[in-house]
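Everything below belongs to structure-v4.txt, which stores compact mmCIF, C-alpha atoms.
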# COMPACT_ATOMS: atom_id res chain seq x y z
CA MET A 1 34.03 -2.69 -25.42
CA ARG A 2 33.29 0.59 -23.64
CA LEU A 3 31.13 0.85 -20.52
CA ASP A 4 28.24 2.53 -22.35
CA GLN A 5 28.41 -0.05 -25.13
CA MET A 6 28.28 -2.85 -22.58
CA ILE A 7 25.11 -1.43 -21.05
CA SER A 8 23.58 -1.08 -24.51
CA HIS A 9 24.55 -4.65 -25.41
CA TRP A 10 22.96 -6.21 -22.37
CA ALA A 11 19.91 -3.96 -22.48
CA GLY A 12 19.29 -5.16 -26.04
CA THR A 13 19.81 -8.79 -25.05
CA PHE A 14 17.41 -8.50 -22.13
CA ARG A 15 14.85 -6.72 -24.28
CA GLN A 16 15.01 -9.43 -26.92
CA ASN A 17 14.32 -11.99 -24.20
CA GLY A 18 11.19 -10.25 -22.95
CA ILE A 19 12.61 -8.52 -19.87
CA GLU A 20 10.59 -5.34 -19.47
CA THR A 21 13.11 -3.47 -17.31
CA ALA A 22 15.96 -4.21 -19.73
CA GLN A 23 17.75 -0.84 -19.67
CA LEU A 24 17.62 -0.42 -15.90
CA ASP A 25 18.65 -4.03 -15.29
CA ALA A 26 21.64 -3.71 -17.61
CA ARG A 27 22.81 -0.54 -15.92
CA LEU A 28 22.50 -1.95 -12.41
CA ILE A 29 24.30 -5.15 -13.33
CA VAL A 30 27.20 -3.33 -15.01
CA GLN A 31 27.46 -0.88 -12.12
CA HIS A 32 27.53 -3.68 -9.55
CA ALA A 33 30.03 -5.79 -11.45
CA LEU A 34 32.41 -2.85 -11.76
CA GLY A 35 31.84 -1.54 -8.23
CA LEU A 36 31.08 1.96 -9.44
CA SER A 37 29.09 4.79 -7.87
CA ASP A 38 26.37 6.67 -9.73
CA MET A 39 28.83 9.48 -10.40
CA ASP A 40 31.45 7.01 -11.66
CA MET A 41 28.93 5.67 -14.15
CA LEU A 42 28.46 9.15 -15.57
CA VAL A 43 32.09 10.21 -15.85
CA GLN A 44 33.44 6.81 -16.97
CA PHE A 45 30.84 6.14 -19.66
CA ASP A 46 33.53 5.79 -22.36
CA ARG A 47 35.93 3.70 -20.28
CA VAL A 48 37.19 0.58 -22.06
CA LEU A 49 36.46 -2.54 -20.05
CA SER A 50 39.00 -5.28 -19.49
CA GLU A 51 38.30 -8.89 -20.45
CA SER A 52 37.88 -9.86 -16.80
CA GLU A 53 35.39 -7.04 -16.25
CA GLN A 54 33.42 -8.08 -19.31
CA ALA A 55 33.42 -11.67 -18.07
CA SER A 56 32.07 -10.63 -14.65
CA ILE A 57 29.26 -8.71 -16.32
CA ALA A 58 28.51 -11.62 -18.64
CA GLY A 59 28.15 -13.97 -15.66
CA LEU A 60 25.56 -11.72 -14.05
CA GLY A 61 23.81 -11.17 -17.37
CA ALA A 62 23.45 -14.91 -17.90
CA ARG A 63 21.82 -15.26 -14.50
CA ARG A 64 19.40 -12.44 -15.30
CA LEU A 65 18.43 -14.21 -18.54
CA LYS A 66 17.32 -17.10 -16.33
CA ARG A 67 15.06 -14.54 -14.62
CA GLU A 68 17.01 -14.32 -11.39
CA PRO A 69 15.98 -10.96 -9.88
CA VAL A 70 18.45 -8.11 -10.19
CA ALA A 71 18.11 -7.57 -6.44
CA HIS A 72 19.58 -11.05 -5.90
CA LEU A 73 22.39 -10.36 -8.36
CA VAL A 74 23.43 -7.15 -6.65
CA GLY A 75 22.40 -8.26 -3.15
CA LYS A 76 20.13 -5.34 -2.32
CA ARG A 77 17.00 -3.39 -3.21
CA GLU A 78 16.13 0.21 -2.46
CA PHE A 79 12.91 0.75 -0.50
CA TRP A 80 11.68 3.99 1.08
CA GLY A 81 15.00 5.58 0.13
CA LEU A 82 16.95 2.96 2.09
CA ASP A 83 19.08 0.03 0.90
CA PHE A 84 17.92 -3.40 2.10
CA ALA A 85 20.05 -6.50 1.71
CA VAL A 86 18.07 -9.38 0.20
CA ASN A 87 18.59 -12.99 -0.80
CA GLY A 88 16.47 -16.03 -1.59
CA ASP A 89 15.24 -16.28 2.01
CA VAL A 90 13.09 -13.13 1.81
CA LEU A 91 10.76 -11.41 -0.61
CA VAL A 92 12.34 -8.70 -2.71
CA PRO A 93 10.73 -5.42 -1.53
CA ARG A 94 8.28 -3.96 -4.06
CA PRO A 95 7.58 -0.24 -4.56
CA ASP A 96 3.85 -0.85 -4.06
CA SER A 97 4.56 -1.90 -0.47
CA GLU A 98 5.61 1.67 0.30
CA THR A 99 1.86 2.38 0.31
CA LEU A 100 1.64 0.64 3.69
CA VAL A 101 4.48 2.72 5.14
CA GLN A 102 2.89 5.93 3.92
CA THR A 103 -0.53 4.93 5.27
CA VAL A 104 0.80 4.22 8.75
CA LEU A 105 2.79 7.45 8.87
CA SER A 106 -0.23 9.50 7.77
CA ASP A 107 -2.22 8.10 10.71
CA ILE A 108 0.39 8.95 13.36
CA SER A 109 -0.32 12.39 14.78
CA ASP A 110 2.93 12.64 16.75
CA PRO A 111 5.92 11.03 15.01
CA THR A 112 8.08 11.69 18.09
CA ALA A 113 5.88 9.53 20.36
CA ALA A 114 7.30 6.40 21.99
CA LEU A 115 5.26 3.94 19.94
CA THR A 116 5.52 0.16 19.67
CA LEU A 117 5.06 -1.43 16.24
CA LEU A 118 4.63 -5.14 15.55
CA ASP A 119 5.57 -6.45 12.11
CA ILE A 120 4.21 -9.95 11.46
CA GLY A 121 6.07 -11.76 8.70
CA THR A 122 8.87 -9.20 8.60
CA GLY A 123 11.04 -10.83 5.91
CA SER A 124 13.80 -8.35 5.06
CA GLY A 125 12.39 -5.95 7.64
CA CYS A 126 11.71 -3.32 4.97
CA LEU A 127 8.31 -2.22 6.31
CA LEU A 128 9.21 -2.01 9.98
CA LEU A 129 12.67 -0.52 9.51
CA SER A 130 11.37 2.09 7.08
CA LEU A 131 8.82 3.17 9.65
CA LEU A 132 11.39 3.26 12.45
CA SER A 133 13.61 5.46 10.30
CA GLU A 134 10.79 8.05 10.37
CA LEU A 135 9.78 7.54 14.02
CA PRO A 136 12.84 8.33 16.17
CA LYS A 137 11.41 7.16 19.51
CA ALA A 138 9.47 4.13 18.29
CA HIS A 139 10.37 0.50 19.04
CA GLY A 140 9.65 -2.43 16.74
CA ILE A 141 8.98 -6.13 17.16
CA ALA A 142 9.86 -8.13 14.06
CA VAL A 143 8.23 -11.56 13.80
CA ASP A 144 8.92 -14.25 11.22
CA LYS A 145 8.66 -18.01 11.32
CA SER A 146 11.75 -18.33 9.12
CA PRO A 147 15.02 -18.12 11.08
CA ALA A 148 16.85 -17.30 7.84
CA ALA A 149 14.49 -14.39 7.15
CA LEU A 150 15.02 -13.07 10.67
CA GLU A 151 18.78 -13.16 10.12
CA MET A 152 18.33 -10.96 7.06
CA ALA A 153 16.10 -8.54 8.98
CA GLN A 154 18.69 -8.40 11.77
CA HIS A 155 21.43 -7.66 9.24
CA ASN A 156 19.39 -4.81 7.80
CA ALA A 157 18.59 -3.39 11.23
CA LYS A 158 22.29 -3.25 12.03
CA ALA A 159 23.23 -1.76 8.66
CA LEU A 160 20.62 0.98 9.03
CA GLY A 161 21.60 1.85 12.60
CA LEU A 162 18.27 0.66 14.03
CA TRP A 163 19.43 -2.47 15.85
CA ASP A 164 18.85 -1.08 19.33
CA ARG A 165 15.19 -0.32 18.58
CA VAL A 166 14.08 -3.73 17.30
CA SER A 167 13.29 -7.01 19.01
CA PHE A 168 13.23 -10.17 16.90
CA VAL A 169 10.87 -13.08 17.49
CA CYS A 170 10.79 -16.39 15.62
CA GLY A 171 7.20 -17.63 15.51
CA ASP A 172 4.05 -17.96 13.48
CA TYR A 173 1.16 -15.55 13.02
CA ALA A 174 -1.01 -16.53 15.98
CA THR A 175 1.45 -17.53 18.69
CA ALA A 176 4.52 -15.36 18.18
CA PHE A 177 3.79 -12.89 20.94
CA LEU A 178 2.45 -12.96 24.49
CA PRO A 179 -0.89 -11.28 25.39
CA SER A 180 0.92 -9.17 27.98
CA VAL A 181 3.10 -7.72 25.23
CA ALA A 182 0.17 -7.40 22.83
CA GLY A 183 -1.56 -4.95 25.13
CA LYS A 184 1.35 -2.53 24.69
CA ILE A 185 1.39 -2.55 20.88
CA ASP A 186 0.20 0.59 19.11
CA TYR A 187 0.33 -0.56 15.48
CA VAL A 188 0.36 -3.95 13.78
CA ILE A 189 1.68 -4.12 10.24
CA SER A 190 1.89 -7.14 7.98
CA ASN A 191 2.55 -8.12 4.40
CA PRO A 192 1.82 -11.82 4.89
CA PRO A 193 1.66 -14.49 2.19
CA TYR A 194 -1.64 -13.85 0.42
CA LEU A 195 -1.66 -16.00 -2.70
CA ALA A 196 -3.93 -19.02 -3.00
CA GLU A 197 -2.15 -22.23 -3.94
CA ILE A 198 -3.77 -22.24 -7.38
CA GLU A 199 -2.31 -18.79 -8.13
CA PHE A 200 1.30 -19.87 -7.76
CA ALA A 201 1.45 -21.46 -11.22
CA GLY A 202 0.60 -18.12 -12.82
CA LEU A 203 3.51 -16.18 -11.32
CA ASP A 204 6.38 -14.81 -13.38
CA ALA A 205 9.57 -16.85 -13.21
CA ASP A 206 11.33 -13.94 -11.47
CA VAL A 207 9.03 -14.49 -8.50
CA ALA A 208 8.08 -18.18 -8.61
CA ASN A 209 11.64 -19.47 -8.97
CA TYR A 210 13.38 -17.14 -6.56
CA ASP A 211 11.10 -15.73 -3.85
CA PRO A 212 10.43 -18.13 -0.94
CA TYR A 213 7.23 -20.12 -1.46
CA LEU A 214 6.12 -19.76 2.16
CA ALA A 215 6.32 -15.97 1.86
CA LEU A 216 4.05 -16.03 -1.18
CA VAL A 217 1.40 -18.70 -0.67
CA SER A 218 -0.94 -18.66 2.30
CA GLY A 219 -3.00 -21.76 1.53
CA SER A 220 -6.01 -22.83 -0.46
CA SER A 221 -7.83 -19.49 -0.13
CA GLY A 222 -5.01 -16.96 0.21
CA LEU A 223 -6.66 -15.61 3.38
CA GLU A 224 -5.24 -18.00 5.97
CA ALA A 225 -2.55 -15.63 7.28
CA TYR A 226 -5.01 -12.75 7.65
CA ASP A 227 -7.42 -15.05 9.47
CA SER A 228 -4.75 -16.10 12.00
CA ILE A 229 -3.61 -12.54 12.67
CA LEU A 230 -7.15 -11.17 13.05
CA ALA A 231 -8.14 -14.04 15.35
CA SER A 232 -5.17 -13.27 17.60
CA VAL A 233 -5.63 -9.49 17.70
CA ALA A 234 -9.35 -9.94 18.44
CA THR A 235 -8.40 -11.53 21.79
CA TRP A 236 -6.06 -8.72 22.87
CA PRO A 237 -7.04 -6.34 25.68
CA ALA A 238 -8.41 -2.90 24.83
CA PRO A 239 -7.40 -0.51 23.50
CA LYS A 240 -6.51 -2.63 20.50
CA PRO A 241 -3.97 -1.42 17.96
CA GLY A 242 -4.67 -0.40 14.41
CA VAL A 243 -3.88 -3.22 11.98
CA TYR A 244 -2.40 -2.44 8.56
CA PHE A 245 -2.39 -5.21 5.96
CA GLU A 246 -0.90 -5.29 2.51
CA ILE A 247 -3.29 -7.26 0.30
CA GLY A 248 -3.59 -8.70 -3.16
CA HIS A 249 -5.41 -6.22 -5.38
CA GLN A 250 -8.48 -8.46 -5.69
CA GLN A 251 -8.81 -9.37 -2.01
CA ALA A 252 -10.47 -6.27 -0.53
CA ASP A 253 -14.04 -7.63 -0.48
CA ALA A 254 -13.07 -11.03 0.90
CA LEU A 255 -10.87 -9.48 3.57
CA GLN A 256 -13.61 -7.07 4.61
CA GLN A 257 -15.91 -10.03 5.25
CA LEU A 258 -13.17 -11.76 7.25
CA VAL A 259 -12.57 -8.64 9.33
CA CYS A 260 -16.27 -8.45 10.20
CA GLN A 261 -16.28 -12.11 11.23
CA HIS A 262 -13.60 -11.28 13.81
CA GLY A 263 -15.47 -8.27 15.17
CA GLY A 264 -13.42 -5.60 13.43
CA GLN A 265 -14.14 -2.86 10.91
CA VAL A 266 -12.30 -1.78 7.78
CA ARG A 267 -11.39 1.84 8.48
CA ALA A 268 -9.69 2.56 5.17
CA LEU A 269 -8.71 1.01 1.85
CA GLU A 270 -5.69 2.56 0.15
CA GLN A 271 -4.51 2.17 -3.44
CA ASP A 272 -0.95 1.77 -4.68
CA LEU A 273 0.81 3.81 -7.36
CA GLY A 274 -1.00 1.83 -10.06
CA GLY A 275 -4.43 2.58 -8.58
CA ARG A 276 -4.94 -0.97 -7.29
CA ASP A 277 -6.23 -1.86 -3.84
CA ARG A 278 -3.13 -2.44 -1.74
CA VAL A 279 -3.58 -1.61 1.97
CA VAL A 280 -6.47 -2.35 4.32
CA VAL A 281 -6.62 -0.59 7.67
CA VAL A 282 -8.51 -2.51 10.36
CA GLY A 283 -9.87 -1.25 13.66
CA PHE A 284 -11.53 -3.11 16.55

Taking this structure as input, can you express it in the form of C-alpha cells?
Amino acid sequence: MRLDQMISHWAGTFRQNGIETAQLDARLIVQHALGLSDMDMLVQFDRVLSESEQASIAGLGARRLKREPVAHLVGKREFWGLDFAVNGDVLVPRPDSETLVQTVLSDISDPTAALTLLDIGTGSGCLLLSLLSELPKAHGIAVDKSPAALEMAQHNAKALGLWDRVSFVCGDYATAFLPSVAGKIDYVISNPPYLAEIEFAGLDADVANYDPYLALVSGSSGLEAYDSILASVATWPAPKPGVYFEIGHQQADALQQLVCQHGGQVRALEQDLGGRDRVVVVGF
C-alpha cells in the first residue's frame, strides 16, 4: 500500500467510527509512525510502505479507534505556534485556550518590560510558556499540585529554551505561593479545572478516558478552583495583579457573582474562535 492510500484507508476507518477529525488524524498518525517531515509527506506521497511500517501505523490507528487522543499517540500538540510535549498527566492544549494568551498580550503595553507572571494549574505549561515566548524579559512562576504535571511543564520549558525564566512550585491554588512573592506578581493566569462533578459523565471519551480527572473537575459546582484563587489574590498587597481565567462557556454569570463576592470586578469577557465566552479578566 502506498503512503497516500494508507492515509485514505485510515481516514475512512476513522470517519466510519464517528471521528470528526478523521483526515487530519490519519495524516498525523501516518506521519508520526514513519518519522517524516511535512515536506517528506508531500514528495513521498506515492511511496510504497513496508509491512513493518504498515504494522506500526495500524497499532496507532487501533489506539485512535479507542478514542486515545492523537496528541498522546504522537506525544505532542501544537499551541501558539509551539510544540508542547503531552501525556496522560496533563490536559491536551486546546486552540480555544489561545484566547487567554492573546488577551494577556493585548493588555501589556510594553512587551519588553521585566514582568512576573503566575500560572496556577500550569499543566503542560502551554499558557505560561507561550506568553514568555512573546515577552523576552518576563519571568514566570508555574504552579501545579501534580508533580507529574510539573515534570511535563519543566520538560517543555527546557525544550523551548525558556528554562532559565521559569520557577516551578508544587502546591494547590490557595497556598502555593508566599504573600511576599505575591506582591511582586504582575499577571495571574489560570485554566483551572472548571467542570462540576455531574458534567464529567457527559464528556467525550477522548477527554474523559485520557485527560487527568483532577485537571477537569473542580467539585460539585465547578467554581471551587476560581473561589480559592480569588480568595487568595484578594488578600495580596496593592497593587494587585490582573487575573485572567479561562472558563467554561456557560460560567460567565456565575463567575462574575463570585468575583464580586471577593471584592473584585470583571474588567472584560472575551470570546473564543467559536464565539463562546472563554476568558474573564478580573481586577481588584

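Interatomic distance, CA of Arg278 (chain A) against CA of Ile247 (chain A): 5.2 Å.
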
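Our summary of the geometry notes that CA of Ser97 (chain A) is positioned 21.1 Å from CA of Ser228 (chain A).
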
Give me the residues near Val217 (chain A) as a ChimeraX atom specification, where near means some atom within 9 Å (using only C-alpha atoms) and where sequence neighbours in that chain fewer than 4 positions away do not count. /A:192-197,199-200,213,222

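With all atoms listed in the file as the atoms that count, the minimum distance from Thr116 (chain A) to the choices A:Pro95, A:Gly140, A:Gly248, A:Gly171 is reached by A:Gly140.
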
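A straight line drawn from CA of Gly75 (chain A) to CA of Arg165 (chain A) is 24.2 Å long.
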
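Excluding region 266-271 of chain A itself and same-chain residues fewer than 6 positions from it, the residues having an atom within 6 Å of it are Asp277, Arg278, Val279, Val280, Val281 and Val282 of chain A, counting only C-alpha atoms.
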
So which one's closest to Gln44 (chain A), A:Gly88, A:Glu151, A:Gln31, A:Gly161? Using all atoms listed in the file, please. A:Gln31

Exercise: region 54-61 of chain A partners within 7 Å, only C-alpha atoms, chain neighbours under 5 positions left out, as JSON, numbers by chain: {"A": [29, 30, 33, 49, 73]}

Please identify all polymer residues within 6 Å of region 135-138 of chain A, counting all atoms listed in the file, omitting same-chain residues fewer than 5 positions from it, and present them as a PyMOL selection string. chain A and resi 111-112+114-116

I'd like the box whose edges run along x, y and z of the file and which contains every listed atom of region 104-114 of chain A, padded by 3 Å per side; could you state its centre and edge lengths in Å, one decimal, as JSON?
{"center_x": 2.9, "center_y": 8.4, "center_z": 14.9, "size_x": 16.3, "size_y": 14.4, "size_z": 20.2}

Give the answer as one residue: which of A:Cys260, A:Leu91, A:Ala201, A:Ile141 has the shortest atom-to-atom distance to Leu230 (chain A), using all atoms listed in the file? A:Cys260

Show which residues sit within 9 Å of Ser133 (chain A), as JSON, numbers by chain. Count only C-alpha atoms, and ignore same-chain residues fewer than 3 positions away. {"A": [128, 129, 130, 136, 160, 162]}

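Take the candidates A:Leu65, A:Leu223, A:Ile189, A:Ala148 and check each one against Cys126 (chain A) using only C-alpha atoms; the shortest distance goes to A:Ile189.
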
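Proximity to Asp211 (chain A) was assessed for A:Met39, A:Gly12, A:Asp89, A:Glu78 counting all atoms listed in the file; the smallest distance is recorded for A:Asp89.
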
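The closest residue to Ile198 (chain A), picked from A:Leu216, A:Leu24, A:Val181, A:Leu127 and counting all atoms listed in the file, is A:Leu216.
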
List every protein, DNA or RNA residue that has an atom no more than 12 Å from (18.5, -11.7, -10.4) in the file's coordinate frame, counting all atoms listed in the file, and report them as number ranges by chain. A: 19, 25-26, 28-29, 59-77, 86-88, 92, 205-207, 209-211
